[in-house]
file start33.cif (mmCIF, C-alpha atoms and all ligand atoms)
data_query
loop_
_atom_site.label_atom_id
_atom_site.label_comp_id
_atom_site.auth_asym_id
_atom_site.auth_seq_id
_atom_site.Cartn_x
_atom_site.Cartn_y
_atom_site.Cartn_z
CA SER A 26 186.29 150.14 127.50
CA SER A 27 185.10 153.68 128.15
CA HIS A 28 182.50 153.75 125.38
CA ARG A 29 180.28 151.40 127.41
CA LYS A 30 180.48 153.57 130.55
CA SER A 31 177.94 156.30 131.24
CA TYR A 32 178.96 159.90 130.64
CA GLY A 33 178.68 160.58 134.36
CA GLN A 34 180.99 157.70 135.31
CA ARG A 35 183.57 158.88 132.81
CA ALA A 36 183.90 162.27 134.50
CA ALA A 37 185.99 160.54 137.19
CA ASP A 38 188.57 159.63 134.51
CA HIS A 39 189.25 163.32 133.81
CA SER A 40 191.14 165.87 135.88
CA ASN A 41 190.38 168.77 133.52
CA PRO A 42 187.46 170.91 134.80
CA ALA A 43 186.04 171.57 131.31
CA ALA A 44 185.95 167.82 130.58
CA GLN A 45 184.18 167.16 133.87
CA LEU A 46 181.73 170.00 133.23
CA LEU A 47 180.86 168.64 129.77
CA LEU A 48 180.38 165.04 130.93
CA HIS A 49 178.28 166.05 133.94
CA THR A 50 176.20 168.41 131.78
CA ILE A 51 175.50 165.63 129.26
CA GLU A 52 174.40 163.32 132.08
CA ARG A 53 172.29 165.97 133.85
CA LYS A 54 170.48 167.11 130.71
CA LYS A 55 170.39 163.67 129.09
CA SER A 56 171.65 165.27 125.91
CA ASN A 57 174.69 164.54 123.76
CA LEU A 58 173.57 167.16 121.26
CA ALA A 59 175.73 170.20 120.47
CA VAL A 60 174.34 172.88 118.20
CA SER A 61 176.70 174.81 115.95
CA VAL A 62 175.23 178.29 115.61
CA ASP A 63 176.76 179.54 112.37
CA LEU A 64 174.71 182.70 111.90
CA THR A 65 176.12 186.12 111.08
CA LYS A 66 173.63 188.43 112.82
CA THR A 67 173.81 188.70 116.60
CA SER A 68 170.01 188.75 116.95
CA ASP A 69 169.66 185.43 115.04
CA PHE A 70 172.63 183.93 116.89
CA LEU A 71 171.19 184.69 120.34
CA LYS A 72 167.65 183.75 119.31
CA VAL A 73 168.68 180.28 118.11
CA ILE A 74 170.77 179.69 121.24
CA ASP A 75 167.83 180.62 123.49
CA VAL A 76 165.53 178.27 121.55
CA VAL A 77 167.83 175.22 121.40
CA GLY A 78 169.34 175.82 124.86
CA PRO A 79 167.04 173.41 126.74
CA TYR A 80 167.97 170.54 124.41
CA VAL A 81 171.76 170.81 124.26
CA CYS A 82 174.81 170.00 126.34
CA LEU A 83 176.93 172.44 124.37
CA ILE A 84 176.77 175.43 122.04
CA LYS A 85 179.49 175.67 119.40
CA THR A 86 180.37 179.11 118.08
CA HIS A 87 182.33 180.73 115.25
CA ILE A 88 182.42 184.08 116.99
CA ASP A 89 184.38 185.73 114.12
CA ILE A 90 181.45 185.40 111.67
CA LEU A 91 179.23 187.81 113.61
CA GLU A 92 179.09 190.98 111.52
CA ASP A 93 177.74 193.12 114.37
CA PHE A 94 179.88 191.72 117.19
CA THR A 95 180.26 193.78 120.36
CA PRO A 96 181.58 192.59 123.76
CA ASP A 97 177.96 192.58 124.95
CA VAL A 98 177.37 189.45 122.82
CA ILE A 99 179.66 187.57 125.20
CA GLU A 100 177.74 188.78 128.25
CA ARG A 101 174.49 187.61 126.64
CA LEU A 102 176.03 184.28 125.71
CA LYS A 103 177.21 183.77 129.31
CA LEU A 104 173.70 184.56 130.62
CA LEU A 105 172.17 182.03 128.20
CA SER A 106 174.77 179.44 129.22
CA ALA A 107 173.75 179.89 132.87
CA LYS A 108 170.02 180.00 132.05
CA HIS A 109 170.03 176.78 129.99
CA ASP A 110 172.99 174.96 131.57
CA PHE A 111 175.21 174.39 128.52
CA VAL A 112 178.95 174.38 127.85
CA VAL A 113 180.47 176.80 125.32
CA PHE A 114 182.91 175.70 122.61
CA GLU A 115 184.50 178.27 120.29
CA ASP A 116 185.46 176.34 117.15
CA ARG A 117 188.54 178.51 116.49
CA LYS A 118 190.82 175.82 115.00
CA PHE A 119 194.10 177.38 116.13
CA ALA A 120 197.03 176.35 113.93
CA ASP A 121 200.09 178.60 114.47
CA ILE A 122 203.24 178.76 116.61
CA GLY A 123 202.79 178.62 120.37
CA ASN A 124 203.41 182.32 120.96
CA THR A 125 200.90 183.39 118.32
CA VAL A 126 198.11 181.01 119.36
CA ALA A 127 198.51 182.14 122.99
CA LEU A 128 197.91 185.74 121.84
CA GLN A 129 195.02 184.79 119.55
CA TYR A 130 193.40 182.84 122.39
CA SER A 131 193.78 185.48 125.12
CA SER A 132 193.58 188.77 123.23
CA GLY A 133 192.19 190.59 120.21
CA VAL A 134 188.55 191.54 119.88
CA HIS A 135 187.15 188.21 121.03
CA LYS A 136 189.30 187.19 124.07
CA ILE A 137 188.17 183.59 123.57
CA ALA A 138 189.86 182.15 126.66
CA SER A 139 187.88 184.45 128.93
CA TRP A 140 184.50 182.90 128.01
CA SER A 141 184.84 179.65 126.03
CA HIS A 142 185.10 176.52 128.20
CA ILE A 143 186.49 174.53 125.28
CA THR A 144 188.35 175.40 122.09
CA ASN A 145 190.21 173.38 119.46
CA ALA A 146 193.45 173.28 117.50
CA HIS A 147 194.87 171.62 114.43
CA PRO A 148 197.82 169.41 115.43
CA VAL A 149 199.74 170.48 112.30
CA PRO A 150 202.27 172.77 114.13
CA GLY A 151 203.20 169.96 116.56
CA PRO A 152 203.04 169.90 120.39
CA SER A 153 203.88 173.61 120.76
CA VAL A 154 200.35 174.52 119.68
CA ILE A 155 199.13 172.68 122.79
CA THR A 156 201.66 174.17 125.20
CA GLY A 157 201.08 177.67 123.81
CA LEU A 158 197.31 177.41 124.32
CA ALA A 159 197.73 175.66 127.69
CA SER A 160 199.78 178.59 129.01
CA VAL A 161 196.59 180.67 128.72
CA GLY A 162 193.83 178.09 129.13
CA LEU A 163 195.01 175.81 131.95
CA PRO A 164 195.04 178.51 134.66
CA LEU A 165 191.44 179.33 133.63
CA GLY A 166 190.31 175.69 133.78
CA ARG A 167 189.76 175.48 130.01
CA GLY A 168 189.99 172.37 127.83
CA LEU A 169 191.29 171.70 124.32
CA LEU A 170 190.16 169.38 121.53
CA LEU A 171 192.59 168.36 118.81
CA LEU A 172 191.29 168.00 115.26
CA ALA A 173 192.26 164.39 114.57
CA GLN A 174 189.94 164.04 111.56
CA MET A 175 187.56 166.25 109.58
CA SER A 176 184.16 165.60 108.05
CA THR A 177 185.05 167.02 104.65
CA GLU A 178 185.60 165.17 101.43
CA GLY A 179 189.32 164.74 100.67
CA SER A 180 190.49 165.67 104.19
CA LEU A 181 194.24 165.26 104.71
CA ALA A 182 193.76 164.47 108.42
CA THR A 183 193.86 160.68 108.05
CA GLY A 184 196.12 157.72 108.75
CA SER A 185 199.39 158.49 110.53
CA TYR A 186 198.42 162.17 110.93
CA THR A 187 195.37 161.11 112.95
CA ASP A 188 197.43 158.60 114.97
CA ASP A 189 200.06 161.24 115.76
CA ALA A 190 197.33 163.62 116.92
CA VAL A 191 196.28 160.97 119.44
CA ARG A 192 199.89 160.55 120.64
CA MET A 193 200.22 164.33 121.03
CA ALA A 194 197.03 164.37 123.10
CA ARG A 195 198.23 161.51 125.33
CA ALA A 196 201.31 163.54 126.20
CA HIS A 197 199.10 166.49 127.34
CA ARG A 198 196.20 164.88 129.15
CA GLU A 199 195.79 167.74 131.62
CA PHE A 200 194.69 170.10 128.84
CA VAL A 201 193.66 167.97 125.85
CA ILE A 202 190.28 166.49 126.76
CA GLY A 203 189.41 164.87 123.45
CA PHE A 204 189.12 165.16 119.70
CA ILE A 205 187.12 166.45 116.83
CA ALA A 206 186.89 163.18 114.93
CA GLN A 207 184.59 160.87 113.03
CA ARG A 208 185.14 157.81 115.28
CA ARG A 209 186.62 156.73 118.62
CA MET A 210 190.39 156.83 118.78
CA ASP A 211 191.31 154.00 121.15
CA HIS A 212 192.47 151.80 118.26
CA VAL A 213 195.63 153.93 118.00
CA GLY A 214 198.45 151.75 119.27
CA THR A 215 200.03 152.40 122.64
CA SER A 216 201.97 150.56 125.30
CA PRO A 217 200.09 150.48 128.62
CA SER A 218 203.07 152.11 130.34
CA SER A 219 202.62 155.24 128.24
CA LEU A 220 199.24 155.80 129.85
CA PRO A 221 199.88 157.62 133.13
CA ASP A 222 197.26 155.90 135.28
CA GLY A 223 196.13 153.07 133.03
CA VAL A 224 192.96 154.98 132.15
CA GLU A 225 192.46 156.70 128.83
CA ASP A 226 189.28 158.58 128.23
CA PHE A 227 189.02 161.05 125.38
CA ILE A 228 185.76 162.80 124.55
CA ILE A 229 184.92 162.61 120.84
CA LEU A 230 182.89 165.49 119.38
CA THR A 231 181.67 164.86 115.86
CA PRO A 232 180.50 167.37 113.23
CA GLY A 233 178.98 166.38 109.91
CA VAL A 234 175.66 165.14 111.34
CA SER A 235 172.27 165.33 109.63
CA LEU A 236 169.17 163.15 109.47
CA GLU A 237 168.08 164.39 106.05
CA MET A 238 171.09 165.56 104.04
CA SER A 239 174.10 163.57 102.83
CA GLY A 240 176.26 166.60 102.14
CA ASP A 241 176.34 170.20 100.91
CA SER A 242 177.77 171.78 97.76
CA MET A 243 181.06 172.65 99.49
CA GLY A 244 182.50 169.29 100.55
CA GLN A 245 180.61 168.69 103.79
CA GLN A 246 179.67 165.03 104.38
CA TYR A 247 176.89 164.01 106.77
CA ARG A 248 176.10 160.88 108.75
CA THR A 249 173.17 160.13 111.05
CA PRO A 250 173.31 160.36 114.87
CA GLU A 251 172.96 156.56 115.10
CA LYS A 252 175.95 155.98 112.78
CA VAL A 253 178.04 158.46 114.74
CA ILE A 254 177.17 157.52 118.34
CA LEU A 255 176.35 153.81 118.10
CA GLU A 256 178.44 152.50 115.20
CA ASN A 257 181.46 154.79 115.55
CA GLY A 258 181.44 155.30 119.31
CA CYS A 259 181.57 159.10 119.25
CA ASP A 260 180.27 161.03 122.27
CA VAL A 261 178.72 164.30 121.09
CA ILE A 262 176.89 165.05 117.83
CA ILE A 263 177.45 168.54 116.45
CA VAL A 264 174.54 169.75 114.29
CA GLY A 265 174.25 173.09 112.49
CA ARG A 266 172.06 173.51 109.43
CA GLY A 267 170.19 170.27 110.20
CA ILE A 268 168.59 172.21 113.04
CA TYR A 269 168.15 175.80 111.81
CA GLY A 270 168.34 175.32 108.04
CA LYS A 271 169.35 178.47 106.22
CA GLY A 272 166.82 180.44 108.21
CA THR A 273 167.83 183.89 109.37
CA GLY A 274 165.85 186.98 110.22
CA ASP A 275 162.22 186.63 109.13
CA ALA A 276 162.86 183.15 107.74
CA LEU A 277 163.88 181.88 111.19
CA ASP A 278 160.99 179.73 112.42
CA VAL A 279 161.72 179.21 116.11
CA GLY A 280 159.02 176.57 116.56
CA CYS A 281 160.59 174.51 113.83
CA VAL A 282 164.08 175.00 115.27
CA ALA A 283 162.92 173.75 118.68
CA LEU A 284 161.28 170.68 117.12
CA GLN A 285 164.43 169.83 115.19
CA ALA A 286 166.60 170.24 118.29
CA GLU A 287 164.31 167.95 120.24
CA LYS A 288 164.44 165.37 117.44
CA TYR A 289 168.25 165.33 117.25
CA ARG A 290 168.54 165.19 121.02
CA THR A 291 166.27 162.12 121.13
CA GLU A 292 168.11 160.40 118.26
CA GLY A 293 171.51 161.03 119.86
CA TRP A 294 170.44 159.92 123.33
CA ASN A 295 168.70 156.74 122.12
CA ALA A 296 171.82 155.77 120.14
CA TYR A 297 173.89 156.24 123.33
CA LEU A 298 171.48 154.15 125.43
CA LYS A 299 171.77 151.35 122.85
CA ARG A 300 175.56 151.65 122.99
CA ILE A 301 175.83 151.29 126.73
CA GLY A 302 173.27 148.49 126.60
CA SER A 303 170.43 149.96 128.62
F1 LIG B 1 186.25 170.24 112.31
C1 LIG B 1 185.11 170.36 111.68
C2 LIG B 1 184.77 169.39 110.69
O1 LIG B 1 185.51 168.45 110.42
N1 LIG B 1 183.57 169.55 110.09
C3 LIG B 1 182.71 170.56 110.41
O2 LIG B 1 181.63 170.64 109.83
C4 LIG B 1 184.25 171.37 111.98
N2 LIG B 1 183.04 171.47 111.36
C5 LIG B 1 182.15 172.56 111.80
O3 LIG B 1 180.92 172.02 112.21
C6 LIG B 1 181.85 173.60 110.74
O4 LIG B 1 182.76 174.68 110.83
C7 LIG B 1 180.44 174.04 111.11
O5 LIG B 1 180.50 175.06 112.08
C8 LIG B 1 179.82 172.81 111.75
C9 LIG B 1 178.95 171.97 110.86
O6 LIG B 1 177.82 172.68 110.42
P1 LIG B 1 176.66 172.00 109.55
O7 LIG B 1 175.74 173.12 109.23
O8 LIG B 1 176.02 170.93 110.44
O9 LIG B 1 177.29 171.39 108.33
#
call {"tool": "encode", "arguments": {"input": "start33.cif", "output": "structure tokens", "more": "lines below"}}
Ligand code: 5FU
result
Amino acid sequence: SSHRKSYGQRAADHSNPAAQLLLHTIERKKSNLAVSVDLTKTSDFLKVIDVVGPYVCLIKTHIDILEDFTPDVIERLKLLSAKHDFVVFEDRKFADIGNTVALQYSSGVHKIASWSHITNAHPVPGPSVITGLASVGLPLGRGLLLLAQMSTEGSLATGSYTDDAVRMARAHREFVIGFIAQRRMDHVGTSPSSLPDGVEDFIILTPGVSLEMSGDSMGQQYRTPEKVILENGCDVIIVGRGIYGKGTGDALDVGCVALQAEKYRTEGWNAYLKRIGS
């Protein structure tokens, strides 16, 4: 099954350009680490990205938390993405009717589709959330992740909701490249005939990763890179505060941030090498 293949080999099982870009980037940089840069000042945001850039396959953003956002932030982000060779994922979690999500994705202050290779959506509205976003994203070569599970305590995204998210994704393989989830999803039942070409490869990106903490005071739950990549067969670890702590402004110790990024990258990659048996 696909979790024993290399990232590079799996790129051939995807037609979506964002999926291919992510898998090739992981292979090229030997990194399955994504850093979630949840900082509210543009200067801190760009500083952390420049420091962790060499160690990551992907930078995850919440662009709407920047209190001093200007369109120039996007130009700087694009330059950093080219400089350090990483994919960009705006963690927007779209969850409305097709017409509205298409507008939220293309327009407004942030114009997410114009710069973010990958974004995500809650499956709660049904398949129209995918077709609405695809109407904007597919012509631009973008990819979508569905939130099949969450890392938070008491999440409602479990059981048949998770299984139905997988079925929705299977019906839109050209745009849905994978899931935000806590484990691989190939256990979800299917008849072989429902898989277009007999190959199913979804990329699993997993938040809620820390080496030191087990949770925060607001419902977050953490697991280690080894648990996530080796035991649960996920593909990309998403780490936020485990790498930059609470540090902002003067408290931001870039040397420490680089060391942490290097440590998570090594942990994630070694867990993957064990998984594929090399
Ligand atoms: F979909 C999810 C989820 O289930 N859990 C998450 O934590 C998304 N996240 C995001 O990952 C969340 O919005 C943060 O941006 C990030 C985790 O940050 P942390 O600092 O590593 O806890």
call {"tool": "axis_aligned_box", "arguments": {"input": "start33.cif", "around": "ligand LIG 1 (chain B)", "padding_each_side": "8 Å", "output": "JSON"}}
result
{"center_x": 181.0, "center_y": 171.8, "center_z": 110.3, "size_x": 26.5, "size_y": 22.6, "size_z": 20.0}
call {"tool": "atom_distance", "arguments": {"input": "start33.cif", "atom1": "CA of Leu236 in chain A", "atom2": "CA of Asp110 in chain A"}}
result
25.3 Å
call {"tool": "closest_residue", "arguments": {"input": "start33.cif", "among": "A:Ile51, A:Val60, A:Ala276, A:Ala120", "to": "Ser235 in chain A", "atoms": "only C-alpha atoms"}}
result
A:Val60
call {"tool": "residues_near_ligand", "arguments": {"input": "start33.cif", "ligand": "ligand LIG 1 (chain B)", "cutoff": "8 Å", "atoms": "all atoms listed in the file", "output": "PDB file with C-alpha atoms, in the coordinates of the input"}}
result
ATOM      1  CA  SER A  61     176.700 174.810 115.950  1.00  0.00           C
ATOM      2  CA  VAL A  62     175.230 178.290 115.610  1.00  0.00           C
ATOM      3  CA  ASP A  63     176.760 179.540 112.370  1.00  0.00           C
ATOM      4  CA  LYS A  85     179.490 175.670 119.400  1.00  0.00           C
ATOM      5  CA  THR A  86     180.370 179.110 118.080  1.00  0.00           C
ATOM      6  CA  HIS A  87     182.330 180.730 115.250  1.00  0.00           C
ATOM      7  CA  ASP A 116     185.460 176.340 117.150  1.00  0.00           C
ATOM      8  CA  LYS A 118     190.820 175.820 115.000  1.00  0.00           C
ATOM      9  CA  LEU A 172     191.290 168.000 115.260  1.00  0.00           C
ATOM     10  CA  GLN A 174     189.940 164.040 111.560  1.00  0.00           C
ATOM     11  CA  MET A 175     187.560 166.250 109.580  1.00  0.00           C
ATOM     12  CA  SER A 176     184.160 165.600 108.050  1.00  0.00           C
ATOM     13  CA  THR A 177     185.050 167.020 104.650  1.00  0.00           C
ATOM     14  CA  ILE A 205     187.120 166.450 116.830  1.00  0.00           C
ATOM     15  CA  ALA A 206     186.890 163.180 114.930  1.00  0.00           C
ATOM     16  CA  THR A 231     181.670 164.860 115.860  1.00  0.00           C
ATOM     17  CA  PRO A 232     180.500 167.370 113.230  1.00  0.00           C
ATOM     18  CA  GLY A 233     178.980 166.380 109.910  1.00  0.00           C
ATOM     19  CA  VAL A 234     175.660 165.140 111.340  1.00  0.00           C
ATOM     20  CA  SER A 235     172.270 165.330 109.630  1.00  0.00           C
ATOM     21  CA  GLY A 240     176.260 166.600 102.140  1.00  0.00           C
ATOM     22  CA  ASP A 241     176.340 170.200 100.910  1.00  0.00           C
ATOM     23  CA  GLN A 245     180.610 168.690 103.790  1.00  0.00           C
ATOM     24  CA  GLN A 246     179.670 165.030 104.380  1.00  0.00           C
ATOM     25  CA  TYR A 247     176.890 164.010 106.770  1.00  0.00           C
ATOM     26  CA  ILE A 263     177.450 168.540 116.450  1.00  0.00           C
ATOM     27  CA  VAL A 264     174.540 169.750 114.290  1.00  0.00           C
ATOM     28  CA  GLY A 265     174.250 173.090 112.490  1.00  0.00           C
ATOM     29  CA  ARG A 266     172.060 173.510 109.430  1.00  0.00           C
ATOM     30  CA  GLY A 267     170.190 170.270 110.200  1.00  0.00           C
ATOM     31  CA  ILE A 268     168.590 172.210 113.040  1.00  0.00           C
ATOM     32  CA  GLY A 270     168.340 175.320 108.040  1.00  0.00           C
TER      33      GLY A 270
END
call {"tool": "closest_atom_pairs", "arguments": {"input": "start33.cif", "of": "range 86-148 of chain A", "to": "range 40-45 of chain A", "cutoff": "12 Å", "atoms": "all atoms listed in the file", "output": "Markdown table"}}
result
| residue | atom | partner | partner_atom | distance |
| --- | --- | --- | --- | --- |
| A:Phe111 | CA | A:Ala43 | CA | 11.5 |
| A:Val112 | CA | A:Ala43 | CA | 8.4 |
| A:Val113 | CA | A:Ala43 | CA | 9.7 |
| A:Phe114 | CA | A:Ala43 | CA | 10.1 |
| A:Trp140 | CA | A:Ala43 | CA | 11.9 |
| A:Ser141 | CA | A:Ala43 | CA | 9.7 |
| A:His142 | CA | A:Ala43 | CA | 5.9 |
| A:Ile143 | CA | A:Ala43 | CA | 6.7 |
| A:Thr144 | CA | A:Ala43 | CA | 10.2 |
call {"tool": "write_last_selection", "arguments": {"input": "start33.cif", "atoms": "C-alpha atoms", "output": "PDB file, in the coordinates of the input"}}
result
ATOM      1  CA  PHE A 111     175.210 174.390 128.520  1.00  0.00           C
ATOM      2  CA  VAL A 112     178.950 174.380 127.850  1.00  0.00           C
ATOM      3  CA  VAL A 113     180.470 176.800 125.320  1.00  0.00           C
ATOM      4  CA  PHE A 114     182.910 175.700 122.610  1.00  0.00           C
ATOM      5  CA  TRP A 140     184.500 182.900 128.010  1.00  0.00           C
ATOM      6  CA  SER A 141     184.840 179.650 126.030  1.00  0.00           C
ATOM      7  CA  HIS A 142     185.100 176.520 128.200  1.00  0.00           C
ATOM      8  CA  ILE A 143     186.490 174.530 125.280  1.00  0.00           C
ATOM      9  CA  THR A 144     188.350 175.400 122.090  1.00  0.00           C
TER      10      THR A 144
END
call {"tool": "residues_around", "arguments": {"input": "start33.cif", "residues": "Lys55 in chain A", "least_positions_apart": "5", "cutoff": "12 Å", "atoms": "all atoms listed in the file", "output": "list in words"}}
result
Ser31, Tyr32, Gly33, Leu47, Leu48, His49, Thr50, Pro79, Tyr80, Val81, Cys82, Leu83, Asp110, Phe111, Val261, Glu287, Arg290, Thr291, Glu292, Gly293, Trp294, Asn295, Tyr297 and Leu298 of chain A
call {"tool": "write_last_selection", "arguments": {"input": "start33.cif", "atoms": "C-alpha atoms", "output": "PDB file, in the frame of the given file"}}
result
ATOM      1  CA  SER A  31     177.940 156.300 131.240  1.00  0.00           C
ATOM      2  CA  TYR A  32     178.960 159.900 130.640  1.00  0.00           C
ATOM      3  CA  GLY A  33     178.680 160.580 134.360  1.00  0.00           C
ATOM      4  CA  LEU A  47     180.860 168.640 129.770  1.00  0.00           C
ATOM      5  CA  LEU A  48     180.380 165.040 130.930  1.00  0.00           C
ATOM      6  CA  HIS A  49     178.280 166.050 133.940  1.00  0.00           C
ATOM      7  CA  THR A  50     176.200 168.410 131.780  1.00  0.00           C
ATOM      8  CA  PRO A  79     167.040 173.410 126.740  1.00  0.00           C
ATOM      9  CA  TYR A  80     167.970 170.540 124.410  1.00  0.00           C
ATOM     10  CA  VAL A  81     171.760 170.810 124.260  1.00  0.00           C
ATOM     11  CA  CYS A  82     174.810 170.000 126.340  1.00  0.00           C
ATOM     12  CA  LEU A  83     176.930 172.440 124.370  1.00  0.00           C
ATOM     13  CA  ASP A 110     172.990 174.960 131.570  1.00  0.00           C
ATOM     14  CA  PHE A 111     175.210 174.390 128.520  1.00  0.00           C
ATOM     15  CA  VAL A 261     178.720 164.300 121.090  1.00  0.00           C
ATOM     16  CA  GLU A 287     164.310 167.950 120.240  1.00  0.00           C
ATOM     17  CA  ARG A 290     168.540 165.190 121.020  1.00  0.00           C
ATOM     18  CA  THR A 291     166.270 162.120 121.130  1.00  0.00           C
ATOM     19  CA  GLU A 292     168.110 160.400 118.260  1.00  0.00           C
ATOM     20  CA  GLY A 293     171.510 161.030 119.860  1.00  0.00           C
ATOM     21  CA  TRP A 294     170.440 159.920 123.330  1.00  0.00           C
ATOM     22  CA  ASN A 295     168.700 156.740 122.120  1.00  0.00           C
ATOM     23  CA  TYR A 297     173.890 156.240 123.330  1.00  0.00           C
ATOM     24  CA  LEU A 298     171.480 154.150 125.430  1.00  0.00           C
TER      25      LEU A 298
END
call {"tool": "residues_around", "arguments": {"input": "start33.cif", "residues": "Leu255 in chain A", "least_positions_apart": "6", "cutoff": "8 Å", "atoms": "all atoms listed in the file", "output": "list in words"}}
result
Ala296, Tyr297, Lys299 and Arg300 of chain A
call {"tool": "write_last_selection", "arguments": {"input": "start33.cif", "atoms": "C-alpha atoms", "output": "PDB file, in the coordinates of the input"}}
result
ATOM      1  CA  ALA A 296     171.820 155.770 120.140  1.00  0.00           C
ATOM      2  CA  TYR A 297     173.890 156.240 123.330  1.00  0.00           C
ATOM      3  CA  LYS A 299     171.770 151.350 122.850  1.00  0.00           C
ATOM      4  CA  ARG A 300     175.560 151.650 122.990  1.00  0.00           C
TER       5      ARG A 300
END
call {"tool": "residues_near_point", "arguments": {"input": "start33.cif", "point": "(188.3, 175.1, 104.9)", "cutoff": "10 Å", "atoms": "all atoms listed in the file", "output": "PyMOL selection string"}}
result
chain A and resi 177+180+243-244
call {"tool": "closest_residue", "arguments": {"input": "start33.cif", "among": "A:Glu92, A:Asn57, A:Gly184, A:Ile84", "to": "Glu251 in chain A", "atoms": "only C-alpha atoms"}}
result
A:Asn57
call {"tool": "atom_distance", "arguments": {"input": "start33.cif", "atom1": "CA of Ser242 in chain A", "atom2": "CA of Leu181 in chain A"}}
result
19.0 Å
call {"tool": "atom_distance", "arguments": {"input": "start33.cif", "atom1": "CA of Ile254 in chain A", "atom2": "CA of Gly203 in chain A"}}
result
15.2 Å
call {"tool": "closest_residue", "arguments": {"input": "start33.cif", "among": "A:Ser56, A:Thr156, A:Ser139, A:Ser27", "to": "Glu100 in chain A", "atoms": "all atoms listed in the file"}}
result
A:Ser139
call {"tool": "closest_residue", "arguments": {"input": "start33.cif", "among": "A:Val149, A:Ala127, A:Leu91, A:Val134", "to": "Lys66 in chain A", "atoms": "all atoms listed in the file"}}
result
A:Leu91
call {"tool": "residues_near_point", "arguments": {"input": "start33.cif", "point": "(197.8, 179.3, 125.2)", "cutoff": "8 Å", "atoms": "only C-alpha atoms", "output": "number ranges by chain"}}
result
A: 123-124, 126-128, 130-131, 154-162
call {"tool": "residues_around", "arguments": {"input": "start33.cif", "residues": "Ser185 in chain A", "least_positions_apart": "6", "cutoff": "12 Å", "atoms": "all atoms listed in the file", "output": "number ranges by chain"}}
result
A: 173-174, 191-192, 213-214
call {"tool": "closest_residue", "arguments": {"input": "start33.cif", "among": "A:Lys54, A:His147, A:Arg198, A:Lys252", "to": "Tyr186 in chain A", "atoms": "only C-alpha atoms"}}
result
A:His147
call {"tool": "residues_around", "arguments": {"input": "start33.cif", "residues": "Gly258 in chain A", "least_positions_apart": "2", "cutoff": "7 Å", "atoms": "all atoms listed in the file", "output": "number ranges by chain"}}
result
A: 28, 208-209, 253-256, 260
call {"tool": "write_last_selection", "arguments": {"input": "start33.cif", "atoms": "C-alpha atoms", "output": "PDB file, in the coordinates of the input"}}
result
ATOM      1  CA  HIS A  28     182.500 153.750 125.380  1.00  0.00           C
ATOM      2  CA  ARG A 208     185.140 157.810 115.280  1.00  0.00           C
ATOM      3  CA  ARG A 209     186.620 156.730 118.620  1.00  0.00           C
ATOM      4  CA  VAL A 253     178.040 158.460 114.740  1.00  0.00           C
ATOM      5  CA  ILE A 254     177.170 157.520 118.340  1.00  0.00           C
ATOM      6  CA  LEU A 255     176.350 153.810 118.100  1.00  0.00           C
ATOM      7  CA  GLU A 256     178.440 152.500 115.200  1.00  0.00           C
ATOM      8  CA  ASP A 260     180.270 161.030 122.270  1.00  0.00           C
TER       9      ASP A 260
END
call {"tool": "closest_residue", "arguments": {"input": "start33.cif", "among": "A:Pro96, A:Gly168, A:Pro150, A:Gly302", "to": "Thr67 in chain A", "atoms": "only C-alpha atoms"}}
result
A:Pro96
call {"tool": "build_atoms", "arguments": {"input": "start33.cif", "residues": "range 124-134 of chain A", "atoms": "N, CA and C atoms", "output": "CSV table (one decimal), in the coordinates of the input"}}
result
chain,number,residue,atom,x,y,z
A,124,ASN,N,203.5,180.9,120.5
A,124,ASN,CA,203.4,182.3,121.0
A,124,ASN,C,202.2,183.0,120.3
A,125,THR,N,202.0,182.8,119.0
A,125,THR,CA,200.9,183.4,118.3
A,125,THR,C,199.6,182.9,118.8
A,126,VAL,N,199.4,181.5,118.9
A,126,VAL,CA,198.1,181.0,119.4
A,126,VAL,C,197.8,181.5,120.8
A,127,ALA,N,198.8,181.6,121.6
A,127,ALA,CA,198.5,182.1,123.0
A,127,ALA,C,197.9,183.5,122.9
A,128,LEU,N,198.4,184.4,122.0
A,128,LEU,CA,197.9,185.7,121.8
A,128,LEU,C,196.5,185.7,121.2
A,129,GLN,N,196.3,184.9,120.2
A,129,GLN,CA,195.0,184.8,119.6
A,129,GLN,C,193.9,184.3,120.5
A,130,TYR,N,194.3,183.4,121.4
A,130,TYR,CA,193.4,182.8,122.4
A,130,TYR,C,193.0,183.8,123.5
A,131,SER,N,194.0,184.6,124.0
A,131,SER,CA,193.8,185.5,125.1
A,131,SER,C,193.3,186.9,124.7
A,132,SER,N,193.7,187.3,123.5
A,132,SER,CA,193.6,188.8,123.2
A,132,SER,C,192.7,189.1,122.0
A,133,GLY,N,193.0,190.2,121.4
A,133,GLY,CA,192.2,190.6,120.2
A,133,GLY,C,190.8,191.0,120.6
A,134,VAL,N,189.9,191.1,119.6
A,134,VAL,CA,188.6,191.5,119.9
A,134,VAL,C,187.8,190.5,120.7
